[in-house]
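Enquirer: Structure: model.txt, compact mmCIF, C-alpha atoms.
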# COMPACT_ATOMS: atom_id res chain seq x y z
CA MET A 1 49.48 97.96 112.30
CA LYS A 2 51.06 101.41 112.16
CA ALA A 3 54.42 101.88 110.49
CA TYR A 4 56.02 102.98 113.75
CA GLU A 5 54.91 99.67 115.28
CA SER A 6 56.61 97.62 112.57
CA ASN A 7 60.04 97.67 114.18
CA THR A 8 61.22 98.11 117.77
CA HIS A 9 64.02 100.33 116.45
CA TYR A 10 61.75 102.24 114.09
CA ALA A 11 63.38 105.68 114.46
CA SER A 12 66.86 104.41 113.71
CA LYS A 13 65.62 102.24 110.81
CA VAL A 14 63.86 105.21 109.25
CA ARG A 15 66.99 107.29 109.69
CA GLU A 16 69.02 104.64 107.89
CA CYS A 17 66.63 104.78 104.96
CA SER A 18 66.61 108.58 104.98
CA ASN A 19 70.40 108.54 104.89
CA PHE A 20 70.14 106.18 101.92
CA ALA A 21 67.86 108.65 100.12
CA VAL A 22 70.11 111.65 100.71
CA ARG A 23 73.22 109.66 99.84
CA GLU A 24 71.71 108.56 96.53
CA VAL A 25 70.66 112.12 95.70
CA LYS A 26 74.27 113.20 96.19
CA LYS A 27 75.59 110.34 94.05
CA VAL A 28 73.33 111.21 91.13
CA CYS A 29 74.20 114.91 91.33
CA GLU A 30 77.93 114.30 91.64
CA GLN A 31 78.36 111.34 89.30
CA ILE A 32 75.75 112.08 86.64
CA GLY A 33 74.79 115.73 87.03
CA PRO A 34 71.94 117.73 85.46
CA ARG A 35 69.32 115.62 83.68
CA ALA A 36 67.37 117.33 80.91
CA ALA A 37 64.42 115.17 79.86
CA GLY A 38 65.07 113.06 76.79
CA TYR A 39 68.84 113.46 76.88
CA GLU A 40 71.73 111.21 77.88
CA ASN A 41 72.05 112.18 81.54
CA GLU A 42 68.38 111.46 82.23
CA LYS A 43 68.90 108.02 80.68
CA LYS A 44 72.01 107.46 82.81
CA ALA A 45 70.09 108.42 85.95
CA GLN A 46 67.29 105.98 85.11
CA ASP A 47 69.90 103.30 84.40
CA TYR A 48 71.33 103.99 87.84
CA VAL A 49 67.93 103.73 89.56
CA GLU A 50 67.19 100.49 87.74
CA LYS A 51 70.52 98.96 88.83
CA LEU A 52 70.23 100.29 92.40
CA MET A 53 66.73 98.92 92.95
CA THR A 54 67.10 95.50 91.30
CA PRO A 55 68.33 93.82 94.52
CA ILE A 56 65.78 95.70 96.65
CA ALA A 57 62.52 95.35 94.71
CA ASP A 58 60.90 92.13 93.55
CA GLU A 59 60.40 93.52 90.07
CA VAL A 60 62.04 96.42 88.25
CA THR A 61 60.67 97.33 84.83
CA ARG A 62 61.42 100.10 82.37
CA GLU A 63 58.68 101.68 80.27
CA LYS A 64 59.90 103.88 77.44
CA PHE A 65 58.00 106.72 75.81
CA THR A 66 58.71 109.50 73.33
CA LEU A 67 58.59 113.23 73.96
CA SER A 68 59.63 116.48 72.33
CA PRO A 69 62.33 118.03 74.55
CA LYS A 70 62.06 121.80 75.06
CA ALA A 71 58.60 121.90 73.45
CA PHE A 72 56.76 122.50 76.72
CA MET A 73 58.74 125.48 78.07
CA SER A 74 59.26 126.93 74.60
CA TRP A 75 55.76 128.37 74.80
CA VAL A 76 57.25 131.13 76.98
CA THR A 77 59.71 132.26 74.31
CA ILE A 78 57.26 131.75 71.47
CA ASP A 79 54.56 133.75 73.23
CA GLY A 80 57.08 136.50 73.94
CA VAL A 81 58.04 136.71 70.27
CA LEU A 82 54.43 136.67 69.03
CA ALA A 83 53.28 139.32 71.50
CA LEU A 84 56.35 141.49 70.90
CA ILE A 85 55.76 141.50 67.14
CA GLY A 86 52.10 142.31 67.82
CA ALA A 87 53.07 145.16 70.13
CA VAL A 88 55.53 146.65 67.63
CA LEU A 89 52.91 146.49 64.87
CA GLY A 90 50.42 148.16 67.21
CA ILE A 91 52.86 150.94 68.05
CA ILE A 92 53.51 151.60 64.37
CA ALA A 93 49.76 151.65 63.70
CA PHE A 94 49.00 154.01 66.61
CA THR A 95 51.69 156.50 65.58
CA GLY A 96 49.83 157.08 62.30
CA LEU A 97 53.01 156.75 60.25
CA VAL A 98 51.42 154.24 57.87
CA PRO A 99 47.68 154.95 58.00
CA ALA A 100 46.97 152.92 54.86
CA VAL A 101 47.96 149.63 56.53
CA ALA A 102 47.16 150.46 60.18
CA GLY A 103 44.10 148.23 60.11
CA VAL A 104 46.08 145.35 58.65
CA PHE A 105 48.71 145.78 61.38
CA HIS A 106 45.99 145.63 64.03
CA ILE A 107 44.53 142.45 62.53
CA ILE A 108 47.96 140.78 62.42
CA SER A 109 48.60 141.86 66.03
CA ILE A 110 45.27 140.40 67.16
CA VAL A 111 45.94 137.08 65.39
CA LEU A 112 49.42 136.79 66.88
CA CYS A 113 48.13 137.53 70.38
CA VAL A 114 45.26 135.07 70.08
CA VAL A 115 47.73 132.36 69.09
CA ALA A 116 49.89 133.32 72.08
CA VAL A 117 46.90 133.08 74.43
CA VAL A 118 46.09 129.63 73.03
CA PHE A 119 49.64 128.49 73.82
CA LEU A 120 49.47 130.08 77.27
CA VAL A 121 46.25 128.30 78.16
CA GLY A 122 46.95 125.05 76.32
CA GLU A 123 50.58 124.47 77.28
CA PHE A 124 50.81 126.10 80.69
CA LEU A 125 47.36 125.89 82.26
CA LEU A 126 46.23 122.61 80.67
CA TYR A 127 49.59 120.94 79.84
CA LYS A 128 48.42 119.98 76.35
CA LYS A 129 50.93 118.92 73.68
CA LEU A 130 50.28 121.84 71.34
CA LEU A 131 53.90 122.51 70.41
CA ASP A 132 55.22 118.95 70.47
CA PRO A 133 54.60 118.27 66.75
CA PHE A 134 57.04 121.07 65.87
CA PHE A 135 59.98 119.69 67.86
CA LYS A 136 62.29 116.72 67.37
CA LYS A 137 61.30 113.52 69.19
CA GLN A 138 63.50 111.93 71.86
CA GLU A 139 63.12 108.94 74.16
CA SER A 140 62.63 108.93 77.92
CA SER A 141 61.42 106.31 80.37
CA ASN A 142 59.78 105.52 83.69
CA VAL A 143 61.46 103.04 86.03
CA ILE A 144 58.91 101.06 88.05
CA CYS A 145 60.09 99.18 91.15
CA LYS A 146 57.64 96.86 92.87
CA ILE A 147 57.40 94.84 96.06
CA ASN A 148 54.74 92.22 95.49
CA ALA A 149 51.97 91.18 97.86
CA SER A 150 52.31 87.75 99.43
CA GLY A 151 48.75 86.82 98.51
CA GLU A 152 45.94 88.07 96.31
CA VAL A 153 46.52 91.68 95.24
CA LYS A 154 43.64 93.87 96.40
CA ARG A 155 45.42 97.20 96.74
CA ARG A 156 48.21 99.02 94.92
CA ILE A 157 50.04 102.15 96.06
CA ILE A 158 52.46 103.95 93.74
CA LEU A 159 54.99 106.44 95.11
CA GLY A 160 56.57 108.64 92.47
CA GLY A 161 59.19 111.33 92.07
CA HIS A 162 60.69 112.66 88.83
CA ILE A 163 64.29 112.05 87.83
CA ASP A 164 64.68 114.85 85.27
CA SER A 165 65.75 118.38 86.14
CA ALA A 166 64.75 121.72 84.69
CA TYR A 167 66.35 124.36 82.52
CA GLU A 168 67.12 127.34 84.72
CA TRP A 169 64.54 130.06 85.25
CA ARG A 170 66.81 133.07 84.88
CA TYR A 171 64.82 135.59 86.92
CA THR A 172 64.26 133.24 89.86
CA TYR A 173 68.03 132.93 90.10
CA LEU A 174 68.77 136.63 89.59
CA GLY A 175 66.09 138.13 91.80
CA GLY A 176 64.08 135.45 93.56
CA PRO A 177 60.29 135.37 93.77
CA LYS A 178 59.77 139.12 93.37
CA ALA A 179 61.69 139.17 90.10
CA VAL A 180 60.04 136.10 88.60
CA ILE A 181 56.54 137.20 89.60
CA THR A 182 57.15 140.68 88.19
CA VAL A 183 58.34 139.34 84.85
CA VAL A 184 55.62 136.68 84.56
CA ALA A 185 52.75 138.94 85.64
CA GLY A 186 54.10 141.81 83.55
CA ALA A 187 54.45 139.67 80.43
CA VAL A 188 50.96 138.18 80.75
CA ALA A 189 49.50 141.67 81.30
CA ALA A 190 51.49 142.95 78.32
CA LEU A 191 50.10 140.17 76.13
CA LEU A 192 46.53 140.97 77.14
CA VAL A 193 47.11 144.73 76.72
CA THR A 194 48.47 144.13 73.23
CA LEU A 195 45.47 141.98 72.33
CA ALA A 196 43.01 144.54 73.71
CA ALA A 197 44.83 147.44 72.05
CA GLY A 198 44.68 145.70 68.69
CA ILE A 199 40.94 145.10 69.01
CA VAL A 200 40.19 148.67 70.13
CA GLY A 201 42.53 150.15 67.55
CA LEU A 202 40.83 148.23 64.77
CA PHE A 203 37.49 149.90 65.50
CA SER A 204 38.59 153.30 66.79
CA ASP A 205 40.37 156.19 65.11
CA HIS A 206 39.95 158.66 67.97
CA GLY A 207 43.21 160.57 68.47
CA ASN A 208 43.20 160.62 72.27
CA ILE A 209 42.36 156.91 72.52
CA ASN A 210 45.16 156.10 70.11
CA ILE A 211 47.62 158.08 72.22
CA ILE A 212 46.59 156.16 75.36
CA LEU A 213 46.90 152.84 73.53
CA LEU A 214 50.28 153.89 72.13
CA VAL A 215 51.53 154.57 75.65
CA LEU A 216 50.18 151.27 76.97
CA GLN A 217 51.76 149.35 74.11
CA SER A 218 55.08 151.08 74.68
CA VAL A 219 55.01 150.19 78.38
CA ALA A 220 54.26 146.57 77.48
CA VAL A 221 57.32 146.15 75.28
CA PRO A 222 60.00 145.89 78.04
CA PHE A 223 58.08 143.06 79.73
CA LEU A 224 57.76 141.18 76.44
CA VAL A 225 61.48 141.60 75.79
CA ALA A 226 62.28 140.41 79.33
CA VAL A 227 60.21 137.24 79.02
CA LEU A 228 62.27 136.19 75.99
CA PHE A 229 65.11 135.53 78.42
CA PHE A 230 63.00 133.79 81.08
CA VAL A 231 64.44 130.33 80.37
CA ASN A 232 68.20 129.89 80.34
CA TRP A 233 68.44 127.18 77.68
CA LYS A 234 72.20 126.86 78.22
CA LEU A 235 71.92 125.68 81.83
CA VAL A 236 70.20 122.57 83.17
CA VAL A 237 70.09 122.61 86.98
CA ASP A 238 71.16 119.79 89.31
CA GLY A 239 67.66 119.35 90.73
CA ALA A 240 68.86 117.85 94.03
CA ASN A 241 65.65 118.83 95.78
CA ASP A 242 63.43 119.08 92.70
CA ASP A 243 63.06 116.21 92.49
CA LEU A 244 65.72 113.68 93.40
CA THR A 245 64.43 113.94 96.96
CA GLY A 246 61.07 112.62 95.73
CA VAL A 247 62.63 109.82 93.69
CA PHE A 248 64.80 108.47 96.47
CA THR A 249 62.28 108.94 99.27
CA ALA A 250 60.01 106.67 97.23
CA MET A 251 62.88 104.20 96.80
CA ALA A 252 63.73 104.47 100.51
CA THR A 253 60.21 103.30 101.30
CA LEU A 254 60.87 100.04 99.47
CA LEU A 255 64.24 99.76 101.19
CA TYR A 256 62.56 100.01 104.59
CA LEU A 257 60.15 97.20 103.68
CA LYS A 258 62.99 95.07 102.30
CA ASN A 259 65.35 95.62 105.24
CA ASN A 260 62.66 94.81 107.78
CA ASN A 261 61.21 91.79 105.97
CA ILE A 262 57.82 93.44 105.55
CA ARG A 263 55.55 92.21 102.80
CA PHE A 264 51.85 93.00 102.83
CA GLU A 265 49.45 90.17 102.13
CA ASN A 266 47.14 92.08 99.80
CA THR A 267 48.96 95.31 98.91
CA GLU A 268 51.70 95.78 96.34
CA VAL A 269 53.96 98.78 96.83
CA ILE A 270 55.51 100.52 93.83
CA ALA A 271 58.19 103.20 93.76
CA MET A 272 58.48 104.94 90.41
CA SER A 273 61.20 107.16 89.03
CA VAL A 274 59.25 109.26 86.54
CA GLY A 275 60.82 110.75 83.43
CA ALA A 276 60.18 114.12 81.78
CA GLU A 277 58.07 115.81 84.46
CA GLU A 278 59.70 119.15 83.69
CA GLU A 279 58.65 118.73 80.07
CA GLY A 280 54.94 118.97 80.78
CA LEU A 281 54.41 115.80 82.87
CA ARG A 282 55.19 113.65 79.85
CA GLY A 283 56.30 110.62 81.88
CA SER A 284 53.25 110.50 84.10
CA LYS A 285 51.00 111.17 81.11
CA ALA A 286 52.55 108.19 79.33
CA PHE A 287 52.14 105.97 82.41
CA ALA A 288 48.52 107.01 82.90
CA GLN A 289 47.74 106.46 79.23
CA LEU A 290 49.23 102.97 79.42
CA HIS A 291 47.81 101.89 82.78
CA GLY A 292 44.91 104.22 83.70
CA GLU A 293 42.08 102.13 82.30
CA GLU A 294 43.83 98.91 83.31
CA PHE A 295 44.04 99.97 86.96
CA LYS A 296 40.52 101.33 86.86
CA ASN A 297 39.10 98.01 85.74
CA ASP A 298 41.35 95.33 87.25
CA GLY A 299 39.63 95.27 90.65
CA VAL A 300 42.74 96.46 92.51
CA GLU A 301 42.24 99.66 94.51
CA THR A 302 45.00 101.98 93.32
CA VAL A 303 46.40 105.29 94.53
CA PHE A 304 49.32 107.37 93.27
CA VAL A 305 51.34 109.60 95.60
CA ALA A 306 53.57 112.22 93.95
CA LEU A 307 56.53 113.29 96.07
CA ASP A 308 57.93 116.57 94.80
CA THR A 309 60.66 118.82 96.21
CA LEU A 310 61.07 117.69 99.81
CA ARG A 311 63.06 120.44 101.47
CA ASP A 312 61.28 123.33 103.22
CA ARG A 313 59.86 121.78 106.37
CA ASP A 314 57.67 124.80 107.20
CA PHE A 315 55.86 124.35 103.89
CA MET A 316 55.03 120.64 104.06
CA GLY A 317 51.72 120.24 102.33
CA ILE A 318 49.23 117.74 100.96
CA VAL A 319 48.16 119.09 97.58
CA THR A 320 44.41 119.07 97.02
CA LYS A 321 44.40 121.10 93.78
CA ASP A 322 47.17 120.75 91.23
CA MET A 323 48.14 122.12 87.81
CA THR A 324 47.90 125.78 88.86
CA ALA A 325 44.87 124.79 90.97
CA THR A 326 42.87 123.63 87.91
CA VAL A 327 42.91 119.88 88.69
CA LYS A 328 41.23 118.59 91.84
CA LEU A 329 43.13 115.65 93.28
CA ASP A 330 41.40 112.71 94.93
CA SER A 331 39.78 113.70 98.23
CA GLN A 332 40.15 110.21 99.71
CA ALA A 333 43.84 110.10 98.85
CA CYS A 334 44.27 113.50 100.49
CA ALA A 335 42.44 112.26 103.61
CA LEU A 336 44.71 109.19 103.64
CA MET A 337 47.87 111.28 103.76
CA LYS A 338 46.42 113.69 106.30
CA LYS A 339 45.64 110.83 108.68
CA ALA A 340 49.08 109.36 108.04
CA SER A 341 50.73 112.65 109.01
CA GLU A 342 48.68 112.69 112.21
CA ILE A 343 49.79 109.14 113.04
CA ALA A 344 53.39 110.22 112.40
CA GLU A 345 52.75 113.24 114.66
CA ILE A 346 54.08 115.60 112.01
CA PRO A 347 51.84 118.64 111.38
CA VAL A 348 50.92 119.03 107.71
CA LYS A 349 48.44 121.34 106.02
CA PHE A 350 46.37 121.00 102.87
CA THR A 351 47.66 123.20 100.06
CA THR A 352 47.40 123.85 96.32
CA THR A 353 49.94 124.17 93.53
CA PRO A 354 49.62 127.88 92.70
CA LEU A 355 51.98 127.82 89.72
CA GLY A 356 52.90 124.73 87.73
CA SER A 357 52.04 121.11 88.44
CA THR A 358 53.14 117.75 89.81
CA ASP A 359 52.81 114.30 88.29
CA ALA A 360 49.72 113.74 90.43
CA ALA A 361 47.67 115.96 88.10
CA ALA A 362 48.45 113.86 85.02
CA MET A 363 47.72 110.65 86.93
CA GLN A 364 44.42 112.03 88.23
CA GLN A 365 43.42 113.07 84.73
CA GLY A 366 44.37 109.58 83.56
CA SER A 367 41.87 107.82 85.87
CA ILE A 368 44.37 107.01 88.65
CA LYS A 369 43.34 108.41 92.05
CA SER A 370 46.16 110.68 93.11
CA VAL A 371 47.56 113.04 95.72
CA ALA A 372 50.76 115.06 95.87
CA PHE A 373 53.01 115.88 98.80
CA THR A 374 55.38 118.83 98.56
CA SER A 375 57.71 120.69 100.90
CA MET A 376 58.69 123.88 99.10
CA ASP A 377 58.09 127.56 99.67
CA PRO A 378 55.56 128.38 96.92
CA ALA A 379 56.84 131.96 96.60
CA PRO A 380 58.70 130.21 94.76
CA ALA A 381 61.84 129.26 96.67
CA ARG A 382 65.03 130.90 95.43
CA TYR A 383 66.55 127.53 94.52
CA TYR A 384 63.50 126.45 92.47
CA HIS A 385 64.62 125.73 88.90
CA THR A 386 67.96 127.46 89.44
CA ARG A 387 71.63 126.48 89.74
CA LEU A 388 71.23 126.83 93.52
CA ASP A 389 69.36 123.50 93.74
CA LYS A 390 72.48 121.53 94.67
CA VAL A 391 73.30 118.91 97.29
CA ASN A 392 74.31 121.59 99.80
CA MET A 393 70.64 122.67 99.84
CA LEU A 394 69.36 119.28 101.04
CA GLU A 395 67.53 119.14 104.38
CA MET A 396 67.96 115.73 105.97
CA LYS A 397 65.31 116.30 108.65
CA THR A 398 62.66 117.10 106.06
CA VAL A 399 63.43 113.97 104.04
CA GLU A 400 63.24 111.89 107.22
CA ASP A 401 59.92 113.37 108.29
CA VAL A 402 58.40 112.92 104.84
CA LEU A 403 59.57 109.31 104.80
CA LYS A 404 57.76 108.74 108.10
CA ILE A 405 54.57 110.18 106.62
CA VAL A 406 54.94 108.09 103.47
CA LEU A 407 55.47 104.91 105.48
CA GLU A 408 52.39 105.60 107.58
CA THR A 409 50.49 106.28 104.35
CA VAL A 410 51.50 102.90 102.94
CA PHE A 411 50.63 101.01 106.14
CA LEU A 412 47.31 102.82 106.56
CA PHE A 413 46.38 102.20 102.92
CA ASP A 414 47.17 98.50 103.33
CA GLU A 415 45.01 98.32 106.44
CA GLN A 416 42.01 100.44 105.42
CA GLY A 417 42.28 101.41 101.76
CA LEU A 418 40.82 104.70 100.56
CA LYS A 419 38.04 106.23 102.69
CA ASP A 420 36.37 109.59 103.03
CA THR A 421 37.40 109.83 106.69
CA TYR A 422 39.76 107.90 108.94
Using the file provided, produce a representation of the structure as structure tokens.
Expert:
Amino acid sequence: MKAYESNTHYASKVRECSNFAVREVKKVCEQIGPRAAGYENEKKAQDYVEKLMTPIADEVTREKFTLSPKAFMSWVTIDGVLALIGAVLGIIAFTGLVPAVAGVFHIISIVLCVVAVVFLVGEFLLYKKLLDPFFKKQESSNVICKINASGEVKRRIILGGHIDSAYEWRYTYLGGPKAVITVVAGAVAALLVTLAAGIVGLFSDHGNINIILLVLQSVAVPFLVAVLFFVNWKLVVDGANDDLTGVFTAMATLLYLKNNNIRFENTEVIAMSVGAEEEGLRGSKAFAQLHGEEFKNDGVETVFVALDTLRDRDFMGIVTKDMTATVKLDSQACALMKKASEIAEIPVKFTTTPLGSTDAAAMQQGSIKSVAFTSMDPAPARYYHTRLDKVNMLEMKTVEDVLKIVLETVFLFDEQGLKDTY
């Protein structure tokens, strides 16, 4: 059975559930506000989800985990400081003012830049916990809401969005995608220039080469200064779209099943409010670490669907490669959602996450077959990680269409499971 066949008043029932999702997004934004991972408002939001879903789901559980707030995004500031010190040392060395220690300055610059590159690759590209040991620990949690199968459980589908919201990206707010791309690309180039200049300077004392390197290092400095102010640590955004839309679209799926007395015989349906996604996918990493091997070996076919930032209808996409396109998501899960979108008669393309990641990447790495669905301009959108991501930016039609696709995904998975083609 298709989802649209499950109720004679399907369109109006879906609209009711979409209204529920949007209404709950507004309540969290207005009554709780911004939700930095590991802090009180994130806890309050998870408390709210737990209370809201208790009469809707069969089971609501809370799984706590520890994280180091601000550790993940601090790599940006730390890298900026390391590279800036390296650049200043390089400039001093290339001017010839202190020839006796020029070589030492170059060596220090190289070491600082290598450390910065390690943080860039480890924290940003691979989402490793390199900086976590240096930051204070806090507690976060995942709220897991389940509708049980009526019989033997043979399949399990998990729909997840993240409850926490981000610290503001200053340049996205001030200048949009052009500004943020300029600062990011310029800072990365400046780091690599500083590293290369240190290496060349260590082995070359040619006057003309030193002049060229001096100029390049001087040009790099403004970008390294700018990146120090990339994150506005004083402002946590509302995150209405990123990602309360994902959280409550997942919850709205359970509401639809509950309101229409639908319970699958062999498929359990889980909606999860994930904590600490903006802090390096810490919530999904914790869930995958706890359940990855269990789900892999318990004989229940399992798939995770990340729902992240459901606003820009023209950019609806099924993510095939996540974590800055370094993690390949499950091809069968992608095919499942593509077929579901066709059943829903809503055109959707395959896409990648060009910058950043969704919880699907951590789940996939943790042995849980995963796919992500996003609806955001990847430029990135002007509201992305800025104070503009408020309730007035919500797009009801997008939430409704995504809910239709998610419902068809759930029904199709129950009927056929994961396949290469449908």
Enquirer: With distances taken over all atoms listed in the file, which of A:Phe411, A:Tyr173, A:Phe223, A:Trp75 is nearest to Ala190 (chain A)?
Expert: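 Of A:Phe411, A:Tyr173, A:Phe223, A:Trp75, the one nearest Ala190 (chain A), counting all atoms listed in the file, is A:Phe223.
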Enquirer: What does the structure give for the distance between CA of Tyr256 (chain A) and CA of Val319 (chain A), in Å to one decimal?
Expert: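 Taking CA of Tyr256 (chain A) as the start and CA of Val319 (chain A) as the end point, the length is 24.9 Å.
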Enquirer: Considering all atoms listed in the file, return as a list in words whatever protein or nucleic-acid residues lie within 7 Å of Gly366 (chain A), sequence-local ones (same chain, fewer than 6 positions apart) excluded.
Expert: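 My reading of the contact set: Ala288, Gln289 and Gly292 of chain A.
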Enquirer: Which polymer residues, whether protein, DNA or RNA, lie within 12 Å of the coordinate (40.1, 112.5, 103.6) when you count all atoms listed in the file? List them as a list in words, using the chain letters and numbers from the file.
Expert: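 Returned residue set, sorted by chain then number, is Ile318, Thr320, Leu329, Asp330, Ser331, Gln332, Ala333, Cys334, Ala335, Leu336, Met337, Lys338, Lys339, Ala340, Ser341, Phe350, Val371, Gly417, Leu418, Lys419, Asp420, Thr421 and Tyr422 of chain A.
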Enquirer: Got a sec: who's within 8 Å of Ile157 (chain A), counting all atoms listed in the file, leaving out chain neighbours fewer than 5 positions off, as a list in words?
Expert: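 Returned residues: Thr267, Glu268, Val269, Ile270, Thr302, Val303, Phe304, Val305, Val410 and Phe413 of chain A.
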Enquirer: So how far away is CA of Gln217 (chain A) from CA of Gly80 (chain A), in Å?
Expert: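 Taking CA of Gly80 (chain A) as the start and CA of Gln217 (chain A) as the end point, the length is 13.9 Å.
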Enquirer: Hey, what's within 10 Å of region 381-384 of chain A if we count all atoms listed in the file and toss same-chain stuff fewer than 3 positions away? As an MDAnalysis selection string, please?
Expert: chainID A and resid 166 168:169 171:178 180 237 239:242 309 312 376:378 387:390 393
Enquirer: Show me the residues close to (59.5, 142.9, 75.1) - anything with an atom within 10 Å, counting all atoms listed in the file - and format the list as a PyMOL selection string.
Expert: chain A and resi 80-81+83-85+87-88+187+190-191+218-229
Enquirer: Go ahead and save the residues from that selection, with C-alpha atoms, as a PDB file, in the frame of the given file.
Expert:
ATOM      1  CA  GLY A  80      57.080 136.500  73.940  1.00  0.00           C
ATOM      2  CA  VAL A  81      58.040 136.710  70.270  1.00  0.00           C
ATOM      3  CA  ALA A  83      53.280 139.320  71.500  1.00  0.00           C
ATOM      4  CA  LEU A  84      56.350 141.490  70.900  1.00  0.00           C
ATOM      5  CA  ILE A  85      55.760 141.500  67.140  1.00  0.00           C
ATOM      6  CA  ALA A  87      53.070 145.160  70.130  1.00  0.00           C
ATOM      7  CA  VAL A  88      55.530 146.650  67.630  1.00  0.00           C
ATOM      8  CA  ALA A 187      54.450 139.670  80.430  1.00  0.00           C
ATOM      9  CA  ALA A 190      51.490 142.950  78.320  1.00  0.00           C
ATOM     10  CA  LEU A 191      50.100 140.170  76.130  1.00  0.00           C
ATOM     11  CA  SER A 218      55.080 151.080  74.680  1.00  0.00           C
ATOM     12  CA  VAL A 219      55.010 150.190  78.380  1.00  0.00           C
ATOM     13  CA  ALA A 220      54.260 146.570  77.480  1.00  0.00           C
ATOM     14  CA  VAL A 221      57.320 146.150  75.280  1.00  0.00           C
ATOM     15  CA  PRO A 222      60.000 145.890  78.040  1.00  0.00           C
ATOM     16  CA  PHE A 223      58.080 143.060  79.730  1.00  0.00           C
ATOM     17  CA  LEU A 224      57.760 141.180  76.440  1.00  0.00           C
ATOM     18  CA  VAL A 225      61.480 141.600  75.790  1.00  0.00           C
ATOM     19  CA  ALA A 226      62.280 140.410  79.330  1.00  0.00           C
ATOM     20  CA  VAL A 227      60.210 137.240  79.020  1.00  0.00           C
ATOM     21  CA  LEU A 228      62.270 136.190  75.990  1.00  0.00           C
ATOM     22  CA  PHE A 229      65.110 135.530  78.420  1.00  0.00           C
TER      23      PHE A 229
END
Enquirer: Can you tell me which residues surround Ile346 (chain A) at a distance of at most 9 Å, considering only C-alpha atoms, apart from same-chain residues fewer than 2 positions away, and format the answer as a ChimeraX atom specification?
Expert: /A:340-344,348,401-402,404-405
Enquirer: Padding 5 Å on each side, edges along x, y and z: where is the centre of the box around the listed atoms of region 395-407 of chain A, and how long are its edges in Å to one decimal? Output it as JSON.
Expert:
{"center_x": 61.3, "center_y": 112.0, "center_z": 106.1, "size_x": 23.4, "size_y": 24.2, "size_z": 15.2}
Enquirer: Quick one: everything within 12 Å of region 50-60 of chain A, counting only C-alpha atoms, minus sequence neighbours fewer than 6 positions away in the same chain. Send it as a tab-separated table (two decimals) with C-alpha atoms, in the frame of the given file.
Expert:
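Output below, filename out-v4.tsv:
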chain	number	residue	atom	x	y	z
A	20	PHE	CA	70.14	106.18	101.92
A	21	ALA	CA	67.86	108.65	100.12
A	24	GLU	CA	71.71	108.56	96.53
A	27	LYS	CA	75.59	110.34	94.05
A	28	VAL	CA	73.33	111.21	91.13
A	43	LYS	CA	68.90	108.02	80.68
A	44	LYS	CA	72.01	107.46	82.81
A	141	SER	CA	61.42	106.31	80.37
A	142	ASN	CA	59.78	105.52	83.69
A	143	VAL	CA	61.46	103.04	86.03
A	144	ILE	CA	58.91	101.06	88.05
A	145	CYS	CA	60.09	99.18	91.15
A	146	LYS	CA	57.64	96.86	92.87
A	147	ILE	CA	57.40	94.84	96.06
A	148	ASN	CA	54.74	92.22	95.49
A	149	ALA	CA	51.97	91.18	97.86
A	150	SER	CA	52.31	87.75	99.43
A	163	ILE	CA	64.29	112.05	87.83
A	247	VAL	CA	62.63	109.82	93.69
A	248	PHE	CA	64.80	108.47	96.47
A	250	ALA	CA	60.01	106.67	97.23
A	251	MET	CA	62.88	104.20	96.80
A	252	ALA	CA	63.73	104.47	100.51
A	253	THR	CA	60.21	103.30	101.30
A	254	LEU	CA	60.87	100.04	99.47
A	255	LEU	CA	64.24	99.76	101.19
A	256	TYR	CA	62.56	100.01	104.59
A	257	LEU	CA	60.15	97.20	103.68
A	258	LYS	CA	62.99	95.07	102.30
A	259	ASN	CA	65.35	95.62	105.24
A	260	ASN	CA	62.66	94.81	107.78
A	261	ASN	CA	61.21	91.79	105.97
A	262	ILE	CA	57.82	93.44	105.55
A	263	ARG	CA	55.55	92.21	102.80
A	268	GLU	CA	51.70	95.78	96.34
A	269	VAL	CA	53.96	98.78	96.83
A	270	ILE	CA	55.51	100.52	93.83
A	271	ALA	CA	58.19	103.20	93.76
A	272	MET	CA	58.48	104.94	90.41
A	273	SER	CA	61.20	107.16	89.03
A	274	VAL	CA	59.25	109.26	86.54
Enquirer: Using all atoms listed in the file, which of the listed residues (A:Ile107, A:Glu123, A:Leu244, A:Glu345) sits closest to Glu408 (chain A)?
Expert: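 Using all atoms listed in the file, the shortest distance to Glu408 (chain A) belongs to A:Glu345.
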